[in-house]
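Colleague: Please read through the structure below; I'll follow up with questions.
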Amino acid sequence: MDDSIVKGNVVNDRVLNDGDKVFYKTYNRFPVAFDHAEGVYLYDVGDNKYLDFGAGISVCGLGYGNALLNRAMKSQIDKGLLHTSNLFYNEPAVEAAEKLTEMTGMDKVFFTNSGTEAVEGALKIARRYHFNKGKKGCEIIAMQGSFHGRSMGALSVTGKDHYREPFEPLIGGVKFAIYNDLDSVKALINENTGAIIMETFQGEGGIYPATEEFLKGVRKLCDENDLLLILDEIQCGMGRTGYLFAWQEYDVKPDVMTVAKALGNGVPIGAFLACGEAAEAMKPGDHGSTYGGNPFVCAVASAVLDVFKEADIPGHAKKMGEHLWKALEEIKEKYPDLVVDHRGKGLIQGLEFAEGVKVGEIVKKALLEQKLILISAEHNTIRFVPPLVIEREHVNEMQEKLDAVLAGLS
Ligand code: PLP
């Protein structure tokens, strides 16, 4: 056996065993330790090569080792200034915020360290906006099947009982409507309602896009009732649907939006953005973050936004999404007993498997036997969220590998 593989196995086992001893057990990790990456491939500690169709859960949109991002990171490191706190201004943060406002038409940006924190900030805007108008503790309508994060606030609006129940009581005044069912939203609105929060496209919940009719209907309800529309674009945003942000496909603009994941391409950064009156709701002292918007993460985000614009990453995602659609349709037709549905658009698509088919096992076999990284979602679904820079040949390679796994099952 090749020496590097033996060495790799020893290192892999050490990392796995030692990791299990020291990590708080909230994840069931796969038994692989990655070491380095290039383009759309990751390499484990034994130098085995894996095709990435998960992008670190929809994060590494530009893949791995992008020269421009590397230059931006190194240049900020060479300046010696990674952090200043928000007591001061820094140029990369101003630049990143300017680019985000220009690309979205929103007015104001607050940088966070994660998606969850962006959601927290968005919820605080809703409460503050109505507090300013004399309505305390406004109610929030969220969607069943949604995912917004794990902090107590973000969890409160996450529409999955099994995530919420062990930690209740969470923040009060949250009601859940049925995604893509406008009447169910209407039925929950009363004089205490203050905001509606939803993903423009549910990712974790099983790859369900909002219909145009639903999005427009929710916007109208918000306008008629002075409610803030908060769109969570943390997973579906940043080019994945073929648009920089999923809502830009429709003539619907949120009052508040959240972004994270692909904004930093792996460097931890998120943001909430607001426009109009919502952009003025919070006052100095209402919200803060020690790290949020530091010069290092913002230099990276600024470079990410440049690449998205200059290389038209959303346009590329749309084109590659068509190949992915065709490949997954072929898989669906070839395995009618296994695959029951194919959903999504651009480079956020899902295959739902029949009841009784163990999606977790497919994902594990793909990883260990075919060196293909896939991730699952709710509703017995595998989600396909590759780096946005994949090419046609990568879609073909994924199809062959997935085909090999499914052939072994059927
Ligand atoms: N919102 C959505 C739609 C997400 O998909 C996620 C994470 O998967 C979050 C919020 C939470 O983001 P983070 O894990 O960066 O805190």
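In the structure tokens, the first chain shown is A, the next is B, and so on; residue numbers restart at 1 for each chain, and ligands run from 1 in the order shown.
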Name the residues, by chain letter and number, that sit within 7 Å of ligand 1 using only C-alpha atoms and all ligand atoms, and give them as a list in words.
Modeller: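 Written in the requested form, the residues are Ile57, Ser114, Gly115, Thr116, Glu117, Val119, Phe147, His148, Gly149, Arg150, Glu199, Gln202, Gly203, Glu204, Asp232, Glu233, Ile234, Gln235, Ala260 and Lys261 of chain A.
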Colleague: Would you mind exporting C-alpha atoms of the selected residues as a PDB file, in the first residue's frame?
Modeller:
```pdb
ATOM      1  CA  ILE A  57     -22.960  23.667   3.765  1.00  0.00           C
ATOM      2  CA  SER A 114     -22.402  34.160  11.677  1.00  0.00           C
ATOM      3  CA  GLY A 115     -25.775  33.664  10.087  1.00  0.00           C
ATOM      4  CA  THR A 116     -27.473  33.063  13.416  1.00  0.00           C
ATOM      5  CA  GLU A 117     -26.310  36.426  14.709  1.00  0.00           C
ATOM      6  CA  VAL A 119     -31.017  36.607  12.288  1.00  0.00           C
ATOM      7  CA  PHE A 147     -34.216  27.000   9.681  1.00  0.00           C
ATOM      8  CA  HIS A 148     -32.734  30.235  10.996  1.00  0.00           C
ATOM      9  CA  GLY A 149     -30.021  29.157  13.452  1.00  0.00           C
ATOM     10  CA  ARG A 150     -29.376  27.792  16.931  1.00  0.00           C
ATOM     11  CA  GLU A 199     -36.194  32.041   3.849  1.00  0.00           C
ATOM     12  CA  GLN A 202     -35.911  26.812   2.280  1.00  0.00           C
ATOM     13  CA  GLY A 203     -32.596  24.925   2.256  1.00  0.00           C
ATOM     14  CA  GLU A 204     -32.209  22.872   5.428  1.00  0.00           C
ATOM     15  CA  ASP A 232     -33.234  35.086   5.293  1.00  0.00           C
ATOM     16  CA  GLU A 233     -30.812  34.678   2.391  1.00  0.00           C
ATOM     17  CA  ILE A 234     -28.088  32.976   4.427  1.00  0.00           C
ATOM     18  CA  GLN A 235     -28.214  29.716   2.495  1.00  0.00           C
ATOM     19  CA  ALA A 260     -23.726  34.947   5.754  1.00  0.00           C
ATOM     20  CA  LYS A 261     -22.179  31.665   4.501  1.00  0.00           C
TER      21      LYS A 261
END
```
Colleague: Compile the contact shell of range 325-340 of chain A as a PyMOL selection string: residues with an atom at most 7 Å away, counting only C-alpha atoms, same-chain residues fewer than 4 positions apart removed.
Modeller: chain A and resi 321+351-354+357+399+403
Colleague: Store the residues picked out above in a file with N, CA, C and O atoms, as a compact mmCIF listing (two decimals), in the first residue's frame.
Modeller:
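Saved result, again19.txt, follows:
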```txt
# COMPACT_ATOMS: atom_id res chain seq x y z
N GLY A 321 -26.48 25.23 -13.19
CA GLY A 321 -27.70 24.68 -12.60
C GLY A 321 -28.51 23.91 -13.63
O GLY A 321 -29.15 22.91 -13.31
N LEU A 351 -32.77 16.05 -4.21
CA LEU A 351 -33.45 14.81 -4.62
C LEU A 351 -34.07 14.23 -3.37
O LEU A 351 -33.38 13.98 -2.38
N GLU A 352 -35.39 14.05 -3.42
CA GLU A 352 -36.07 13.41 -2.29
C GLU A 352 -36.15 11.92 -2.54
O GLU A 352 -36.53 11.49 -3.64
N PHE A 353 -35.81 11.14 -1.55
CA PHE A 353 -35.81 9.68 -1.68
C PHE A 353 -37.05 9.08 -1.04
O PHE A 353 -37.66 9.69 -0.15
N ALA A 354 -37.39 7.90 -1.51
CA ALA A 354 -38.60 7.22 -1.02
C ALA A 354 -38.47 6.90 0.46
O ALA A 354 -37.35 6.73 0.97
N VAL A 357 -35.80 4.57 2.31
CA VAL A 357 -34.42 4.68 1.78
C VAL A 357 -33.65 5.53 2.78
O VAL A 357 -34.11 6.60 3.18
N GLN A 399 -22.46 12.87 -11.21
CA GLN A 399 -23.52 11.96 -11.67
C GLN A 399 -23.02 10.52 -11.70
O GLN A 399 -23.72 9.60 -11.24
N ASP A 403 -24.50 7.69 -9.30
CA ASP A 403 -25.05 6.54 -10.02
C ASP A 403 -24.47 5.25 -9.44
O ASP A 403 -25.19 4.28 -9.18
```
Colleague: Based on the backbone DSSP call, show me all residues of range 163-295 of chain A assigned strand (DSSP E or B), as a ChimeraX atom specification.
Modeller: /A:174-177,193-199,201-202,208-209,228-232,256-259,265,267,270-274
Colleague: Quick check for you: according to DSSP on this backbone, which residues of range 255-346 of chain A are classed as alpha helix (DSSP H)? Reply as a PDB file with N, CA and C atoms, in the first residue's frame.
Modeller:
```pdb
ATOM      1  N   PRO A 295     -11.498  44.219  10.172  1.00  0.00           N
ATOM      2  CA  PRO A 295     -10.887  44.470   8.856  1.00  0.00           C
ATOM      3  C   PRO A 295     -10.496  43.193   8.108  1.00  0.00           C
ATOM      4  N   PHE A 296     -10.157  42.133   8.844  1.00  0.00           N
ATOM      5  CA  PHE A 296      -9.750  40.906   8.155  1.00  0.00           C
ATOM      6  C   PHE A 296     -10.932  40.273   7.421  1.00  0.00           C
ATOM      7  N   VAL A 297     -12.023  40.010   8.138  1.00  0.00           N
ATOM      8  CA  VAL A 297     -13.161  39.343   7.492  1.00  0.00           C
ATOM      9  C   VAL A 297     -13.772  40.233   6.411  1.00  0.00           C
ATOM     10  N   CYS A 298     -13.750  41.531   6.655  1.00  0.00           N
ATOM     11  CA  CYS A 298     -14.359  42.433   5.659  1.00  0.00           C
ATOM     12  C   CYS A 298     -13.494  42.551   4.408  1.00  0.00           C
ATOM     13  N   ALA A 299     -12.174  42.443   4.557  1.00  0.00           N
ATOM     14  CA  ALA A 299     -11.306  42.461   3.366  1.00  0.00           C
ATOM     15  C   ALA A 299     -11.643  41.250   2.498  1.00  0.00           C
ATOM     16  N   VAL A 300     -11.916  40.116   3.157  1.00  0.00           N
ATOM     17  CA  VAL A 300     -12.272  38.904   2.408  1.00  0.00           C
ATOM     18  C   VAL A 300     -13.646  39.082   1.756  1.00  0.00           C
ATOM     19  N   ALA A 301     -14.629  39.541   2.537  1.00  0.00           N
ATOM     20  CA  ALA A 301     -15.985  39.710   1.990  1.00  0.00           C
ATOM     21  C   ALA A 301     -15.977  40.681   0.812  1.00  0.00           C
ATOM     22  N   SER A 302     -15.180  41.734   0.937  1.00  0.00           N
ATOM     23  CA  SER A 302     -15.100  42.728  -0.127  1.00  0.00           C
ATOM     24  C   SER A 302     -14.548  42.080  -1.402  1.00  0.00           C
ATOM     25  N   ALA A 303     -13.516  41.238  -1.236  1.00  0.00           N
ATOM     26  CA  ALA A 303     -12.946  40.543  -2.403  1.00  0.00           C
ATOM     27  C   ALA A 303     -13.952  39.530  -2.964  1.00  0.00           C
ATOM     28  N   VAL A 304     -14.682  38.845  -2.084  1.00  0.00           N
ATOM     29  CA  VAL A 304     -15.709  37.896  -2.541  1.00  0.00           C
ATOM     30  C   VAL A 304     -16.729  38.625  -3.421  1.00  0.00           C
ATOM     31  N   LEU A 305     -17.183  39.777  -2.945  1.00  0.00           N
ATOM     32  CA  LEU A 305     -18.198  40.522  -3.697  1.00  0.00           C
ATOM     33  C   LEU A 305     -17.647  40.983  -5.047  1.00  0.00           C
ATOM     34  N   ASP A 306     -16.366  41.356  -5.074  1.00  0.00           N
ATOM     35  CA  ASP A 306     -15.739  41.734  -6.356  1.00  0.00           C
ATOM     36  C   ASP A 306     -15.766  40.560  -7.331  1.00  0.00           C
ATOM     37  N   VAL A 307     -15.367  39.386  -6.848  1.00  0.00           N
ATOM     38  CA  VAL A 307     -15.325  38.217  -7.736  1.00  0.00           C
ATOM     39  C   VAL A 307     -16.734  37.878  -8.227  1.00  0.00           C
ATOM     40  N   PHE A 308     -17.716  37.943  -7.313  1.00  0.00           N
ATOM     41  CA  PHE A 308     -19.091  37.637  -7.726  1.00  0.00           C
ATOM     42  C   PHE A 308     -19.531  38.546  -8.865  1.00  0.00           C
ATOM     43  N   LYS A 309     -19.143  39.810  -8.776  1.00  0.00           N
ATOM     44  CA  LYS A 309     -19.587  40.780  -9.778  1.00  0.00           C
ATOM     45  C   LYS A 309     -18.775  40.593 -11.067  1.00  0.00           C
ATOM     46  N   GLU A 310     -17.451  40.579 -10.925  1.00  0.00           N
ATOM     47  CA  GLU A 310     -16.613  40.569 -12.131  1.00  0.00           C
ATOM     48  C   GLU A 310     -16.738  39.270 -12.919  1.00  0.00           C
ATOM     49  N   ILE A 313     -20.712  35.373 -11.142  1.00  0.00           N
ATOM     50  CA  ILE A 313     -20.895  34.061 -10.504  1.00  0.00           C
ATOM     51  C   ILE A 313     -22.372  33.630 -10.525  1.00  0.00           C
ATOM     52  N   PRO A 314     -23.326  34.550 -10.268  1.00  0.00           N
ATOM     53  CA  PRO A 314     -24.731  34.105 -10.344  1.00  0.00           C
ATOM     54  C   PRO A 314     -25.090  33.570 -11.732  1.00  0.00           C
ATOM     55  N   GLY A 315     -24.596  34.238 -12.788  1.00  0.00           N
ATOM     56  CA  GLY A 315     -24.886  33.789 -14.157  1.00  0.00           C
ATOM     57  C   GLY A 315     -24.291  32.407 -14.404  1.00  0.00           C
ATOM     58  N   HIS A 316     -23.087  32.191 -13.888  1.00  0.00           N
ATOM     59  CA  HIS A 316     -22.439  30.884 -14.046  1.00  0.00           C
ATOM     60  C   HIS A 316     -23.239  29.809 -13.290  1.00  0.00           C
ATOM     61  N   ALA A 317     -23.702  30.179 -12.085  1.00  0.00           N
ATOM     62  CA  ALA A 317     -24.486  29.216 -11.283  1.00  0.00           C
ATOM     63  C   ALA A 317     -25.770  28.826 -12.022  1.00  0.00           C
ATOM     64  N   LYS A 318     -26.359  29.807 -12.687  1.00  0.00           N
ATOM     65  CA  LYS A 318     -27.603  29.534 -13.427  1.00  0.00           C
ATOM     66  C   LYS A 318     -27.323  28.523 -14.548  1.00  0.00           C
ATOM     67  N   LYS A 319     -26.224  28.776 -15.279  1.00  0.00           N
ATOM     68  CA  LYS A 319     -25.877  27.889 -16.397  1.00  0.00           C
ATOM     69  C   LYS A 319     -25.533  26.479 -15.892  1.00  0.00           C
ATOM     70  N   MET A 320     -24.709  26.409 -14.855  1.00  0.00           N
ATOM     71  CA  MET A 320     -24.336  25.097 -14.312  1.00  0.00           C
ATOM     72  C   MET A 320     -25.553  24.409 -13.691  1.00  0.00           C
ATOM     73  N   GLY A 321     -26.477  25.232 -13.188  1.00  0.00           N
ATOM     74  CA  GLY A 321     -27.698  24.685 -12.604  1.00  0.00           C
ATOM     75  C   GLY A 321     -28.506  23.908 -13.633  1.00  0.00           C
ATOM     76  N   GLU A 322     -28.443  24.350 -14.885  1.00  0.00           N
ATOM     77  CA  GLU A 322     -29.181  23.634 -15.939  1.00  0.00           C
ATOM     78  C   GLU A 322     -28.567  22.247 -16.163  1.00  0.00           C
ATOM     79  N   HIS A 323     -27.232  22.178 -16.136  1.00  0.00           N
ATOM     80  CA  HIS A 323     -26.578  20.853 -16.284  1.00  0.00           C
ATOM     81  C   HIS A 323     -26.911  19.959 -15.090  1.00  0.00           C
ATOM     82  N   LEU A 324     -26.865  20.586 -13.908  1.00  0.00           N
ATOM     83  CA  LEU A 324     -27.166  19.801 -12.708  1.00  0.00           C
ATOM     84  C   LEU A 324     -28.603  19.285 -12.778  1.00  0.00           C
ATOM     85  N   TRP A 325     -29.509  20.138 -13.242  1.00  0.00           N
ATOM     86  CA  TRP A 325     -30.918  19.730 -13.337  1.00  0.00           C
ATOM     87  C   TRP A 325     -31.043  18.496 -14.231  1.00  0.00           C
ATOM     88  N   LYS A 326     -30.363  18.558 -15.393  1.00  0.00           N
ATOM     89  CA  LYS A 326     -30.449  17.464 -16.354  1.00  0.00           C
ATOM     90  C   LYS A 326     -29.863  16.171 -15.735  1.00  0.00           C
ATOM     91  N   ALA A 327     -28.722  16.320 -15.080  1.00  0.00           N
ATOM     92  CA  ALA A 327     -28.071  15.150 -14.481  1.00  0.00           C
ATOM     93  C   ALA A 327     -28.972  14.509 -13.427  1.00  0.00           C
ATOM     94  N   LEU A 328     -29.600  15.337 -12.593  1.00  0.00           N
ATOM     95  CA  LEU A 328     -30.435  14.789 -11.522  1.00  0.00           C
ATOM     96  C   LEU A 328     -31.754  14.234 -12.058  1.00  0.00           C
ATOM     97  N   GLU A 329     -32.239  14.820 -13.161  1.00  0.00           N
ATOM     98  CA  GLU A 329     -33.430  14.247 -13.803  1.00  0.00           C
ATOM     99  C   GLU A 329     -33.105  12.842 -14.324  1.00  0.00           C
ATOM    100  N   GLU A 330     -31.902  12.682 -14.889  1.00  0.00           N
ATOM    101  CA  GLU A 330     -31.506  11.355 -15.399  1.00  0.00           C
ATOM    102  C   GLU A 330     -31.420  10.342 -14.260  1.00  0.00           C
ATOM    103  N   ILE A 331     -30.874  10.809 -13.141  1.00  0.00           N
ATOM    104  CA  ILE A 331     -30.783   9.921 -11.963  1.00  0.00           C
ATOM    105  C   ILE A 331     -32.195   9.541 -11.508  1.00  0.00           C
ATOM    106  N   LYS A 332     -33.071  10.527 -11.473  1.00  0.00           N
ATOM    107  CA  LYS A 332     -34.449  10.277 -11.012  1.00  0.00           C
ATOM    108  C   LYS A 332     -35.142   9.265 -11.931  1.00  0.00           C
ATOM    109  N   GLU A 333     -34.939   9.442 -13.247  1.00  0.00           N
ATOM    110  CA  GLU A 333     -35.587   8.515 -14.193  1.00  0.00           C
ATOM    111  C   GLU A 333     -35.002   7.110 -14.087  1.00  0.00           C
ATOM    112  N   LYS A 334     -33.683   7.046 -13.824  1.00  0.00           N
ATOM    113  CA  LYS A 334     -33.033   5.731 -13.768  1.00  0.00           C
ATOM    114  C   LYS A 334     -33.398   4.954 -12.497  1.00  0.00           C
TER     115      LYS A 334
END
```
Colleague: Name all residues at most 9 Å from range 184-198 of chain A (count only C-alpha atoms; drop same-chain ones fewer than 2 positions away) and give them as a PyMOL selection string.
Modeller: chain A and resi 122-123+126-127+129-130+135-143+146-148+157+173+175-182+200-202+218+221-222+225-233
Colleague: Considering only C-alpha atoms, can you say which of A:Ile390, A:Val385, A:Leu368, A:Met257 comes closest to Gly105 in chain A?
Modeller: A:Met257
Colleague: Within 6 Å of range 25-41 of chain A, counting only C-alpha atoms, which residues show up once you throw out same-chain ones fewer than 4 positions away? Write them as an mmCIF file with N, CA and C atoms, in the first residue's frame, please.
Modeller:
```cif
data_model
loop_
_atom_site.group_PDB
_atom_site.id
_atom_site.type_symbol
_atom_site.label_atom_id
_atom_site.label_comp_id
_atom_site.auth_asym_id
_atom_site.auth_seq_id
_atom_site.Cartn_x
_atom_site.Cartn_y
_atom_site.Cartn_z
ATOM 1 N N ASN A 12 -5.505 10.147 10.238
ATOM 2 C CA ASN A 12 -6.966 10.223 10.260
ATOM 3 C C ASN A 12 -7.512 9.645 11.567
ATOM 4 N N VAL A 45 -6.332 13.673 4.981
ATOM 5 C CA VAL A 45 -4.955 13.635 5.488
ATOM 6 C C VAL A 45 -4.130 12.532 4.817
ATOM 7 N N TYR A 50 -11.506 14.312 -2.991
ATOM 8 C CA TYR A 50 -12.970 14.264 -2.896
ATOM 9 C C TYR A 50 -13.589 15.388 -3.716
ATOM 10 N N LEU A 51 -14.602 15.058 -4.486
ATOM 11 C CA LEU A 51 -15.354 16.072 -5.231
ATOM 12 C C LEU A 51 -16.382 16.695 -4.290
ATOM 13 N N ASP A 52 -16.406 18.012 -4.256
ATOM 14 C CA ASP A 52 -17.241 18.709 -3.274
ATOM 15 C C ASP A 52 -18.580 19.148 -3.855
ATOM 16 N N GLY A 63 -15.256 28.125 -4.152
ATOM 17 C CA GLY A 63 -14.392 26.964 -4.054
ATOM 18 C C GLY A 63 -13.205 27.243 -3.144
ATOM 19 N N TYR A 64 -12.090 26.592 -3.438
ATOM 20 C CA TYR A 64 -10.942 26.599 -2.521
ATOM 21 C C TYR A 64 -9.702 27.127 -3.237
ATOM 22 N N GLY A 65 -8.964 27.956 -2.545
ATOM 23 C CA GLY A 65 -7.680 28.443 -3.068
ATOM 24 C C GLY A 65 -7.835 29.528 -4.117
#
```
Colleague: Pick out the closest residue to Ser376 in chain A from this set: A:Val252, A:Met73, A:Ala274, A:Ile207. Count only C-alpha atoms.
Modeller: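 Nearest candidate to Ser376 in chain A out of A:Val252, A:Met73, A:Ala274, A:Ile207: A:Ile207.
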Colleague: Applying 6 Å and only C-alpha atoms, which residues near Ser156 in chain A remain after dropping the ones on its own chain fewer than 2 positions away? List them as a PyMOL selection string.
Modeller: chain A and resi 153-154+158+170-171
Colleague: Distance CA of Ala278 in chain A-CA of Asp183 in chain A, one decimal place?
Modeller: 25.7 Å
Colleague: Quick one: distance from CA of Thr211 in chain A to CA of Ile382 in chain A in Å, one decimal?
Modeller: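 For CA of Thr211 in chain A relative to CA of Ile382 in chain A, the distance reads 21.1 Å.
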Colleague: Between A:His394, A:Leu273, A:Leu406, A:Gly206, which residue has the minimum interatomic distance to Glu378 in chain A, considering only C-alpha atoms?
Modeller: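 Looking at the shortest contact to Glu378 in chain A, the residue is A:Gly206.
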